[in-house]
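Below: one structure, written as structure tokens.
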Amino acid sequence: MVSKHLLPSKRDRAKGAIRGAALRGCLLLIALGLAEGCMIGPDYKRPAVETPTNFKWGESPSSEKAATGQNGQAANATVHASVEGAAQNIRWRKALPQDAIAKGEWWKIFDDPVLDQLESQLSIGNQQIKLAFAQATASRAQVGQALANFFPNVGVAPFYSNISFSQNQPFFFQQHQVQAPVIGSNGQQIGTTQFPVGLPLSWQEYAIPGYAVYEADIWGQLRRGLESAKASAQATQAAYETVILSLHAELAIQYFFLRYIDAQLAVYKYMVDVFRDNLYLVQSRYDGGVANELDLARAKTDLATAQSQYIGLQNTRAQAENAIATLLGKPASTVRVAPNVLRDAPPVLPTYLPSDLLQRRPDVAQAERQMARANATIGMALGAFFPSVNLFAVGGLISDAASLLFQGGSRFWSIGPFINIPLFEGGRLVAGVEFARASYQAAVANYRQQVLSAFQETENALAAIKILRDQQEAQNRTVAFAKQQYDVSLVRFKEGMVNYIEVDTTERTWLSAQLLDVQILGQRYIALVSLIRALGGGWKDYSMRPLAATPESSSVPSEAHSAPRKRG
């Protein structure tokens, strides 16, 4: 007879099974940990872009002088050398986005308190900014979701159920008693016993199961997903910065457009008085029999035309004011901007603007981050070809009676790996990889196109600033000469040397010259704002403060009907 102390008990066998399962689980985790050093898919590298070292229209005055000979004559050899040097300055280099640099309150370079106040209100009330901020916040939350995939899902799911079967359902094996013989040690039947077989009609279950599921990132698919989520969040943040920059620039453009309209209204108001004075003059001469009826009709037409144009321009101003209200996030009926005539020249640019300023543009950074996201999706698509391994463990307590639930016999557990090996997907996985690679190539092309557009916008703005400045100087002379011409013709008319048609022609020329002069001034302000937007913000962060704008009078007449003065 074998001693019961030498036979393994049920508890010892259970402990041995648990230790064996734990050992196998540890070995599997170690193996998976070693395998997780592998990452499928290409690592992201920023592509090179064609970037010049300086701007074509952003040269300093000294460089302009170098391309010109004495007495303003062009030096052909120098010009050719300059063109060749510009071509050599263009080179391919890696993108280094610096959109995180603070853009600052760049609109303060205009030293306009009204504009400063409007810009601060836009930052608070604009709905598009709030929308973009919410989208950026949601994108950052998706990074947290992607990061959560690296951790096991652990939970408890207690439940109670009362189950009852139908006696009339087919193939129902109803529980009943079965008799069986009892065999003694001598092999002879010594009696019978009964035990139940089949299913009871009803029973209850009390259970407190717990579970843990972990997906092993063997091929780096989850890591690529995290890369994609981070890049997507950064791209959305850059889009948010783009919205902020664009809206602040749009508000500044609308504001200077409003002031340019105010300047035109001032011109019309002044010229209406001029036309009215001339009408009185012609009327008195007509009453005295000196002027003819045609001269009187011309004078009346001039006055009525100027008054009509003055009234129509007020509609344009009202629409610009309403656009400002919408940008501020306020009803159009609640915003009024006091008239403020645009007179002084805009701030002067620094002598040199490096092309590296463009790296602060948030839209360029957004396109670059979209490339990183597209590159990560390639690894995710390639990882779908490989087996996925999930580790799961289930355990807890279950019993048909609440009183027995917390006893040792109610325990249960299960642990093991779940491996999914793709064998046939009908070409879906291959198509997914092709789609991811094509999307990356599209993102690269979009990024390079964004850089080219950035340089185009910057060069356009620089060209406009420089050309409009020269045009302003020429137009100032035109206004002065037109005023002189009008004064001479008016004197000749008063002396009876000419008919009123000469005065009519010269005063119309003078009016057109003044309107074009203030239009050029408004375009100069708008061009400077466009340059700031093209550069991704102002340039004070680079210790290149703009030169102080010198107060210059415009051709907008004063209340005293003074003649216009020059602006550079």
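Naming scheme: A, B, ... for chains in displayed order of the structure tokens; residues 1 onward per chain; ligands 1 onward as shown.
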
Helix (DSSP H, G or I) residues, from DSSP on the backbone, in region 103-301 of chain A, as a PyMOL selection string: chain A and resi 106-110+113-125+127-148+221-287+293-301

Those same residues, written as a JSON list (two decimals), in the first residue's frame with C-alpha atoms?
```json
[["chain", "number", "residue", "atom", "x", "y", "z"],
["A", 106, "TRP", "CA", 3.99, 91.58, -35.97],
["A", 107, "TRP", "CA", 1.20, 94.09, -36.70],
["A", 108, "LYS", "CA", 2.70, 96.45, -34.11],
["A", 109, "ILE", "CA", 5.38, 97.48, -36.62],
["A", 110, "PHE", "CA", 2.68, 99.70, -38.15],
["A", 113, "PRO", "CA", -3.38, 101.64, -31.93],
["A", 114, "VAL", "CA", -6.67, 100.89, -33.72],
["A", 115, "LEU", "CA", -5.12, 97.99, -35.61],
["A", 116, "ASP", "CA", -3.54, 96.69, -32.39],
["A", 117, "GLN", "CA", -6.92, 96.70, -30.67],
["A", 118, "LEU", "CA", -8.65, 94.93, -33.56],
["A", 119, "GLU", "CA", -5.96, 92.25, -33.76],
["A", 120, "SER", "CA", -6.25, 91.51, -30.04],
["A", 121, "GLN", "CA", -10.03, 91.17, -30.41],
["A", 122, "LEU", "CA", -9.58, 88.75, -33.31],
["A", 123, "SER", "CA", -7.44, 86.43, -31.20],
["A", 124, "ILE", "CA", -10.28, 86.15, -28.69],
["A", 125, "GLY", "CA", -13.45, 86.12, -30.75],
["A", 127, "GLN", "CA", -14.63, 81.40, -34.69],
["A", 128, "GLN", "CA", -12.23, 79.95, -37.25],
["A", 129, "ILE", "CA", -9.42, 80.14, -34.69],
["A", 130, "LYS", "CA", -11.61, 78.34, -32.16],
["A", 131, "LEU", "CA", -12.42, 75.67, -34.73],
["A", 132, "ALA", "CA", -8.76, 75.13, -35.62],
["A", 133, "PHE", "CA", -7.84, 74.99, -31.92],
["A", 134, "ALA", "CA", -10.47, 72.31, -31.28],
["A", 135, "GLN", "CA", -9.16, 70.29, -34.22],
["A", 136, "ALA", "CA", -5.59, 70.56, -32.91],
["A", 137, "THR", "CA", -6.74, 69.43, -29.46],
["A", 138, "ALA", "CA", -8.57, 66.44, -30.96],
["A", 139, "SER", "CA", -5.48, 65.49, -32.96],
["A", 140, "ARG", "CA", -3.33, 65.54, -29.82],
["A", 141, "ALA", "CA", -5.87, 63.26, -28.14],
["A", 142, "GLN", "CA", -5.40, 60.77, -30.97],
["A", 143, "VAL", "CA", -1.72, 60.57, -30.01],
["A", 144, "GLY", "CA", -2.83, 59.40, -26.59],
["A", 145, "GLN", "CA", -5.03, 56.77, -28.19],
["A", 146, "ALA", "CA", -2.11, 55.51, -30.28],
["A", 147, "LEU", "CA", 0.14, 55.42, -27.21],
["A", 148, "ALA", "CA", -2.45, 53.37, -25.30],
["A", 221, "GLN", "CA", 3.23, 48.31, -36.61],
["A", 222, "LEU", "CA", 2.10, 50.03, -33.43],
["A", 223, "ARG", "CA", 5.22, 52.16, -33.33],
["A", 224, "ARG", "CA", 4.61, 53.26, -36.90],
["A", 225, "GLY", "CA", 1.05, 54.06, -35.88],
["A", 226, "LEU", "CA", 2.36, 56.24, -33.06],
["A", 227, "GLU", "CA", 4.70, 58.00, -35.51],
["A", 228, "SER", "CA", 1.76, 58.64, -37.80],
["A", 229, "ALA", "CA", -0.39, 59.98, -34.98],
["A", 230, "LYS", "CA", 2.37, 62.31, -33.76],
["A", 231, "ALA", "CA", 3.05, 63.63, -37.25],
["A", 232, "SER", "CA", -0.66, 64.11, -37.84],
["A", 233, "ALA", "CA", -1.00, 66.03, -34.58],
["A", 234, "GLN", "CA", 1.96, 68.24, -35.50],
["A", 235, "ALA", "CA", 0.46, 68.86, -38.94],
["A", 236, "THR", "CA", -2.85, 69.84, -37.35],
["A", 237, "GLN", "CA", -1.03, 72.16, -34.96],
["A", 238, "ALA", "CA", 0.72, 73.74, -37.93],
["A", 239, "ALA", "CA", -2.67, 74.14, -39.63],
["A", 240, "TYR", "CA", -3.87, 75.93, -36.49],
["A", 241, "GLU", "CA", -0.89, 78.28, -36.68],
["A", 242, "THR", "CA", -1.64, 78.83, -40.38],
["A", 243, "VAL", "CA", -5.17, 79.88, -39.56],
["A", 244, "ILE", "CA", -3.93, 82.32, -36.92],
["A", 245, "LEU", "CA", -1.36, 83.86, -39.24],
["A", 246, "SER", "CA", -3.76, 84.08, -42.19],
["A", 247, "LEU", "CA", -6.58, 85.63, -40.19],
["A", 248, "HIS", "CA", -4.38, 88.23, -38.54],
["A", 249, "ALA", "CA", -3.00, 89.13, -41.97],
["A", 250, "GLU", "CA", -6.50, 89.20, -43.49],
["A", 251, "LEU", "CA", -7.67, 91.56, -40.75],
["A", 252, "ALA", "CA", -4.70, 93.86, -41.36],
["A", 253, "ILE", "CA", -5.41, 93.84, -45.11],
["A", 254, "GLN", "CA", -9.08, 94.65, -44.55],
["A", 255, "TYR", "CA", -8.14, 97.41, -42.12],
["A", 256, "PHE", "CA", -5.69, 99.08, -44.50],
["A", 257, "PHE", "CA", -8.17, 98.65, -47.32],
["A", 258, "LEU", "CA", -10.69, 100.50, -45.14],
["A", 259, "ARG", "CA", -8.20, 103.29, -44.50],
["A", 260, "TYR", "CA", -7.41, 103.45, -48.21],
["A", 261, "ILE", "CA", -11.15, 103.87, -48.88],
["A", 262, "ASP", "CA", -11.23, 106.62, -46.25],
["A", 263, "ALA", "CA", -8.39, 108.34, -48.12],
["A", 264, "GLN", "CA", -10.32, 108.12, -51.39],
["A", 265, "LEU", "CA", -13.42, 109.49, -49.67],
["A", 266, "ALA", "CA", -11.33, 112.41, -48.41],
["A", 267, "VAL", "CA", -10.15, 113.07, -51.96],
["A", 268, "TYR", "CA", -13.71, 113.00, -53.28],
["A", 269, "LYS", "CA", -14.93, 115.23, -50.46],
["A", 270, "TYR", "CA", -12.23, 117.75, -51.26],
["A", 271, "MET", "CA", -12.86, 117.60, -54.98],
["A", 272, "VAL", "CA", -16.64, 117.98, -54.50],
["A", 273, "ASP", "CA", -15.89, 121.34, -52.88],
["A", 274, "VAL", "CA", -13.59, 122.21, -55.77],
["A", 275, "PHE", "CA", -16.27, 121.30, -58.32],
["A", 276, "ARG", "CA", -18.88, 123.25, -56.36],
["A", 277, "ASP", "CA", -16.67, 126.37, -56.28],
["A", 278, "ASN", "CA", -16.14, 126.05, -60.02],
["A", 279, "LEU", "CA", -19.86, 125.66, -60.57],
["A", 280, "TYR", "CA", -20.48, 128.91, -58.67],
["A", 281, "LEU", "CA", -17.82, 130.57, -60.82],
["A", 282, "VAL", "CA", -19.33, 129.32, -64.08],
["A", 283, "GLN", "CA", -22.85, 130.17, -62.92],
["A", 284, "SER", "CA", -21.86, 133.75, -62.14],
["A", 285, "ARG", "CA", -20.11, 134.11, -65.48],
["A", 286, "TYR", "CA", -23.11, 132.59, -67.23],
["A", 287, "ASP", "CA", -25.45, 134.99, -65.48],
["A", 293, "GLU", "CA", -24.66, 127.10, -71.51],
["A", 294, "LEU", "CA", -22.29, 124.24, -72.39],
["A", 295, "ASP", "CA", -19.77, 125.40, -69.79],
["A", 296, "LEU", "CA", -22.53, 125.51, -67.18],
["A", 297, "ALA", "CA", -23.67, 121.99, -68.07],
["A", 298, "ARG", "CA", -20.12, 120.69, -67.83],
["A", 299, "ALA", "CA", -19.64, 122.22, -64.37],
["A", 300, "LYS", "CA", -22.92, 120.71, -63.14],
["A", 301, "THR", "CA", -21.99, 117.29, -64.56]]
```

Just the residues within 9 Å of Leu462 (chain A), please, counting only C-alpha atoms, with nothing from its chain fewer than 5 positions along; format it as JSON, numbers by chain. {"A": [55, 56, 57, 58, 457, 467, 527, 528, 531]}

I'd like a table as a tab-separated table: residues in region 403-455 of chain A with an atom no more than 7 Å from region 374-388 of chain A, each row giving the shortest atom pair and its distance in Å to one decimal, only C-alpha atoms counted, sorted by chain and rising residue number.
```
residue	atom	partner	partner_atom	distance
A:Ile419	CA	A:Ser388	CA	5.7
A:Asn420	CA	A:Ser388	CA	5.2
A:Ile421	CA	A:Pro387	CA	4.4
A:Pro422	CA	A:Pro387	CA	6.6
A:Leu429	CA	A:Ala384	CA	6.8
A:Gly432	CA	A:Ala381	CA	5.9
A:Val433	CA	A:Ala381	CA	5.1
A:Ala436	CA	A:Ile378	CA	5.1
A:Arg437	CA	A:Ile378	CA	6.1
A:Ser439	CA	A:Ala374	CA	6.2
A:Tyr440	CA	A:Ala374	CA	4.8
```

Quick one: distance from CA of Leu404 (chain A) to CA of Gly416 (chain A) in Å, one decimal?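 Going from CA of Leu404 (chain A) over to CA of Gly416 (chain A), I get 27.6 Å.
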
Among listed residues A:Val451, A:Val49, A:Val503, A:Leu468, nearest Asp363 (chain A) (using only C-alpha atoms):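 Closest to Asp363 (chain A), using only C-alpha atoms: A:Val451.
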
Test item, strand (DSSP E) assignment across region 262-481 of chain A, answer as a list in words: Ser388, Val389, Asn390, Leu391, Phe392, Ala393, Val394, Gly395, Gly396, Leu397, Ile398, Ser399, Arg411, Phe412, Trp413, Ser414, Ile415, Gly416, Pro417, Phe418, Ile419 and Asn420 of chain A

With C-alpha atoms retained, export the selected residues as a compact mmCIF listing (two decimals), in the first residue's frame.
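File written: out18.txt
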```txt
# COMPACT_ATOMS: atom_id res chain seq x y z
CA SER A 388 0.04 39.45 -35.26
CA VAL A 389 0.43 38.04 -31.74
CA ASN A 390 -1.98 38.80 -28.92
CA LEU A 391 -1.47 37.52 -25.40
CA PHE A 392 -4.60 36.96 -23.37
CA ALA A 393 -5.31 35.83 -19.84
CA VAL A 394 -8.70 35.18 -18.26
CA GLY A 395 -9.35 34.20 -14.66
CA GLY A 396 -11.70 34.71 -11.78
CA LEU A 397 -14.51 33.13 -9.83
CA ILE A 398 -17.67 31.41 -11.08
CA SER A 399 -20.34 29.40 -9.24
CA ARG A 411 -11.60 29.63 -9.26
CA PHE A 412 -10.83 29.32 -12.98
CA TRP A 413 -8.14 30.71 -15.32
CA SER A 414 -6.87 30.53 -18.89
CA ILE A 415 -3.74 32.02 -20.46
CA GLY A 416 -2.10 31.77 -23.84
CA PRO A 417 -1.17 33.49 -27.10
CA PHE A 418 -3.48 34.19 -30.01
CA ILE A 419 -1.67 34.34 -33.36
CA ASN A 420 -3.31 35.64 -36.53
```

Just to confirm, what's the straight-line distance from CA of Thr458 (chain A) to CA of Glu368 (chain A) in Å (one decimal)?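 Value for the CA of Thr458 (chain A)-CA of Glu368 (chain A) distance: 19.1 Å.
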
Which residues are near Gln471 (chain A)? Cut-off 12 Å, only C-alpha atoms, ignore same chain within fewer than 6 positions. Put them as a PDB file with all heavy atoms, in the first residue's frame.
```
ATOM      1  N   ALA A 463       8.557  92.267 -54.730  1.00  0.00           N
ATOM      2  CA  ALA A 463       8.502  93.028 -55.978  1.00  0.00           C
ATOM      3  C   ALA A 463       7.467  94.143 -55.879  1.00  0.00           C
ATOM      4  O   ALA A 463       7.709  95.280 -56.316  1.00  0.00           O
ATOM      5  CB  ALA A 463       8.183  92.101 -57.139  1.00  0.00           C
ATOM      6  N   ALA A 464       6.302  93.825 -55.308  1.00  0.00           N
ATOM      7  CA  ALA A 464       5.261  94.846 -55.180  1.00  0.00           C
ATOM      8  C   ALA A 464       5.730  95.991 -54.283  1.00  0.00           C
ATOM      9  O   ALA A 464       5.481  97.170 -54.582  1.00  0.00           O
ATOM     10  CB  ALA A 464       3.992  94.213 -54.619  1.00  0.00           C
ATOM     11  N   ILE A 465       6.412  95.656 -53.183  1.00  0.00           N
ATOM     12  CA  ILE A 465       6.875  96.701 -52.264  1.00  0.00           C
ATOM     13  C   ILE A 465       7.852  97.641 -52.957  1.00  0.00           C
ATOM     14  O   ILE A 465       7.744  98.872 -52.858  1.00  0.00           O
ATOM     15  CB  ILE A 465       7.512  96.056 -51.024  1.00  0.00           C
ATOM     16  CG1 ILE A 465       6.430  95.392 -50.156  1.00  0.00           C
ATOM     17  CG2 ILE A 465       8.278  97.091 -50.203  1.00  0.00           C
ATOM     18  CD1 ILE A 465       6.983  94.591 -49.017  1.00  0.00           C
ATOM     19  N   ARG A 477       4.828 113.087 -58.310  1.00  0.00           N
ATOM     20  CA  ARG A 477       5.143 114.133 -59.291  1.00  0.00           C
ATOM     21  C   ARG A 477       3.947 114.373 -60.211  1.00  0.00           C
ATOM     22  O   ARG A 477       3.653 115.507 -60.585  1.00  0.00           O
ATOM     23  CB  ARG A 477       6.376 113.742 -60.093  1.00  0.00           C
ATOM     24  CG  ARG A 477       7.650 113.657 -59.258  1.00  0.00           C
ATOM     25  CD  ARG A 477       8.887 113.525 -60.136  1.00  0.00           C
ATOM     26  NE  ARG A 477       8.874 112.294 -60.921  1.00  0.00           N
ATOM     27  CZ  ARG A 477       9.402 111.143 -60.513  1.00  0.00           C
ATOM     28  NH1 ARG A 477       9.969 111.076 -59.309  1.00  0.00           N
ATOM     29  NH2 ARG A 477       9.369 110.079 -61.291  1.00  0.00           N
ATOM     30  N   THR A 478       3.258 113.272 -60.548  1.00  0.00           N
ATOM     31  CA  THR A 478       2.090 113.420 -61.419  1.00  0.00           C
ATOM     32  C   THR A 478       1.016 114.266 -60.756  1.00  0.00           C
ATOM     33  O   THR A 478       0.395 115.124 -61.391  1.00  0.00           O
ATOM     34  CB  THR A 478       1.519 112.029 -61.762  1.00  0.00           C
ATOM     35  OG1 THR A 478       2.530 111.249 -62.403  1.00  0.00           O
ATOM     36  CG2 THR A 478       0.322 112.147 -62.683  1.00  0.00           C
ATOM     37  N   LEU A 516      -5.378 107.656 -57.822  1.00  0.00           N
ATOM     38  CA  LEU A 516      -4.357 106.627 -58.074  1.00  0.00           C
ATOM     39  C   LEU A 516      -3.246 106.711 -57.038  1.00  0.00           C
ATOM     40  O   LEU A 516      -2.692 105.686 -56.616  1.00  0.00           O
ATOM     41  CB  LEU A 516      -3.791 106.802 -59.481  1.00  0.00           C
ATOM     42  CG  LEU A 516      -2.705 105.806 -59.902  1.00  0.00           C
ATOM     43  CD1 LEU A 516      -3.212 104.364 -59.800  1.00  0.00           C
ATOM     44  CD2 LEU A 516      -2.201 106.106 -61.313  1.00  0.00           C
ATOM     45  N   ASP A 517      -2.943 107.910 -56.584  1.00  0.00           N
ATOM     46  CA  ASP A 517      -1.883 108.077 -55.591  1.00  0.00           C
ATOM     47  C   ASP A 517      -2.240 107.385 -54.275  1.00  0.00           C
ATOM     48  O   ASP A 517      -1.421 106.647 -53.705  1.00  0.00           O
ATOM     49  CB  ASP A 517      -1.647 109.571 -55.366  1.00  0.00           C
ATOM     50  CG  ASP A 517      -0.355 109.825 -54.616  1.00  0.00           C
ATOM     51  OD1 ASP A 517       0.619 109.096 -54.862  1.00  0.00           O
ATOM     52  OD2 ASP A 517      -0.320 110.744 -53.785  1.00  0.00           O
ATOM     53  N   VAL A 518      -3.461 107.592 -53.790  1.00  0.00           N
ATOM     54  CA  VAL A 518      -3.848 106.937 -52.536  1.00  0.00           C
ATOM     55  C   VAL A 518      -4.050 105.440 -52.752  1.00  0.00           C
ATOM     56  O   VAL A 518      -3.848 104.636 -51.833  1.00  0.00           O
ATOM     57  CB  VAL A 518      -5.117 107.586 -51.958  1.00  0.00           C
ATOM     58  CG1 VAL A 518      -4.857 109.033 -51.594  1.00  0.00           C
ATOM     59  CG2 VAL A 518      -6.285 107.475 -52.915  1.00  0.00           C
ATOM     60  N   GLN A 519      -4.436 105.041 -53.962  1.00  0.00           N
ATOM     61  CA  GLN A 519      -4.564 103.606 -54.250  1.00  0.00           C
ATOM     62  C   GLN A 519      -3.203 102.920 -54.167  1.00  0.00           C
ATOM     63  O   GLN A 519      -3.078 101.829 -53.600  1.00  0.00           O
ATOM     64  CB  GLN A 519      -5.169 103.406 -55.632  1.00  0.00           C
ATOM     65  CG  GLN A 519      -5.271 101.944 -56.041  1.00  0.00           C
ATOM     66  CD  GLN A 519      -5.823 101.764 -57.445  1.00  0.00           C
ATOM     67  OE1 GLN A 519      -6.325 102.709 -58.047  1.00  0.00           O
ATOM     68  NE2 GLN A 519      -5.711 100.568 -57.969  1.00  0.00           N
ATOM     69  N   ILE A 520      -2.186 103.542 -54.703  1.00  0.00           N
ATOM     70  CA  ILE A 520      -0.834 102.975 -54.626  1.00  0.00           C
ATOM     71  C   ILE A 520      -0.380 102.883 -53.174  1.00  0.00           C
ATOM     72  O   ILE A 520       0.227 101.881 -52.758  1.00  0.00           O
ATOM     73  CB  ILE A 520       0.144 103.837 -55.453  1.00  0.00           C
ATOM     74  CG1 ILE A 520      -0.212 103.765 -56.944  1.00  0.00           C
ATOM     75  CG2 ILE A 520       1.576 103.376 -55.236  1.00  0.00           C
ATOM     76  CD1 ILE A 520       0.592 104.725 -57.800  1.00  0.00           C
ATOM     77  N   LEU A 521      -0.690 103.905 -52.387  1.00  0.00           N
ATOM     78  CA  LEU A 521      -0.300 103.870 -50.978  1.00  0.00           C
ATOM     79  C   LEU A 521      -0.980 102.708 -50.263  1.00  0.00           C
ATOM     80  O   LEU A 521      -0.356 101.993 -49.476  1.00  0.00           O
ATOM     81  CB  LEU A 521      -0.664 105.196 -50.307  1.00  0.00           C
ATOM     82  CG  LEU A 521      -0.313 105.306 -48.822  1.00  0.00           C
ATOM     83  CD1 LEU A 521       1.184 105.140 -48.595  1.00  0.00           C
ATOM     84  CD2 LEU A 521      -0.802 106.632 -48.253  1.00  0.00           C
ATOM     85  N   GLN A 523      -2.018  99.946 -51.625  1.00  0.00           N
ATOM     86  CA  GLN A 523      -1.406  98.713 -52.121  1.00  0.00           C
ATOM     87  C   GLN A 523      -0.059  98.459 -51.473  1.00  0.00           C
ATOM     88  O   GLN A 523       0.329  97.298 -51.267  1.00  0.00           O
ATOM     89  CB  GLN A 523      -1.268  98.791 -53.639  1.00  0.00           C
ATOM     90  CG  GLN A 523      -2.588  98.737 -54.392  1.00  0.00           C
ATOM     91  CD  GLN A 523      -2.416  98.916 -55.878  1.00  0.00           C
ATOM     92  OE1 GLN A 523      -1.373  99.399 -56.360  1.00  0.00           O
ATOM     93  NE2 GLN A 523      -3.427  98.548 -56.643  1.00  0.00           N
ATOM     94  N   ARG A 524       0.660  99.495 -51.134  1.00  0.00           N
ATOM     95  CA  ARG A 524       1.954  99.316 -50.471  1.00  0.00           C
ATOM     96  C   ARG A 524       1.776  98.714 -49.081  1.00  0.00           C
ATOM     97  O   ARG A 524       2.540  97.833 -48.676  1.00  0.00           O
ATOM     98  CB  ARG A 524       2.676 100.663 -50.380  1.00  0.00           C
ATOM     99  CG  ARG A 524       3.167 101.203 -51.713  1.00  0.00           C
ATOM    100  CD  ARG A 524       3.818 102.559 -51.539  1.00  0.00           C
ATOM    101  NE  ARG A 524       5.022 102.484 -50.726  1.00  0.00           N
ATOM    102  CZ  ARG A 524       5.709 103.546 -50.322  1.00  0.00           C
ATOM    103  NH1 ARG A 524       5.275 104.776 -50.636  1.00  0.00           N
ATOM    104  NH2 ARG A 524       6.799 103.411 -49.593  1.00  0.00           N
ATOM    105  N   ARG A 567       4.902 111.839 -51.078  1.00  0.00           N
ATOM    106  CA  ARG A 567       5.220 110.740 -50.169  1.00  0.00           C
ATOM    107  C   ARG A 567       6.153 109.806 -50.909  1.00  0.00           C
ATOM    108  O   ARG A 567       6.008 109.576 -52.104  1.00  0.00           O
ATOM    109  CB  ARG A 567       3.967 110.015 -49.686  1.00  0.00           C
ATOM    110  CG  ARG A 567       3.496 108.955 -50.569  1.00  0.00           C
ATOM    111  CD  ARG A 567       2.462 108.117 -49.884  1.00  0.00           C
ATOM    112  NE  ARG A 567       1.223 108.817 -49.664  1.00  0.00           N
ATOM    113  CZ  ARG A 567       0.325 109.055 -50.604  1.00  0.00           C
ATOM    114  NH1 ARG A 567       0.556 108.671 -51.838  1.00  0.00           N
ATOM    115  NH2 ARG A 567      -0.796 109.663 -50.343  1.00  0.00           N
ATOM    116  N   GLY A 568       7.140 109.251 -50.200  1.00  0.00           N
ATOM    117  CA  GLY A 568       8.104 108.396 -50.866  1.00  0.00           C
ATOM    118  C   GLY A 568       7.793 106.966 -50.708  1.00  0.00           C
ATOM    119  O   GLY A 568       7.005 106.575 -49.908  1.00  0.00           O
TER     120      GLY A 568
END
```
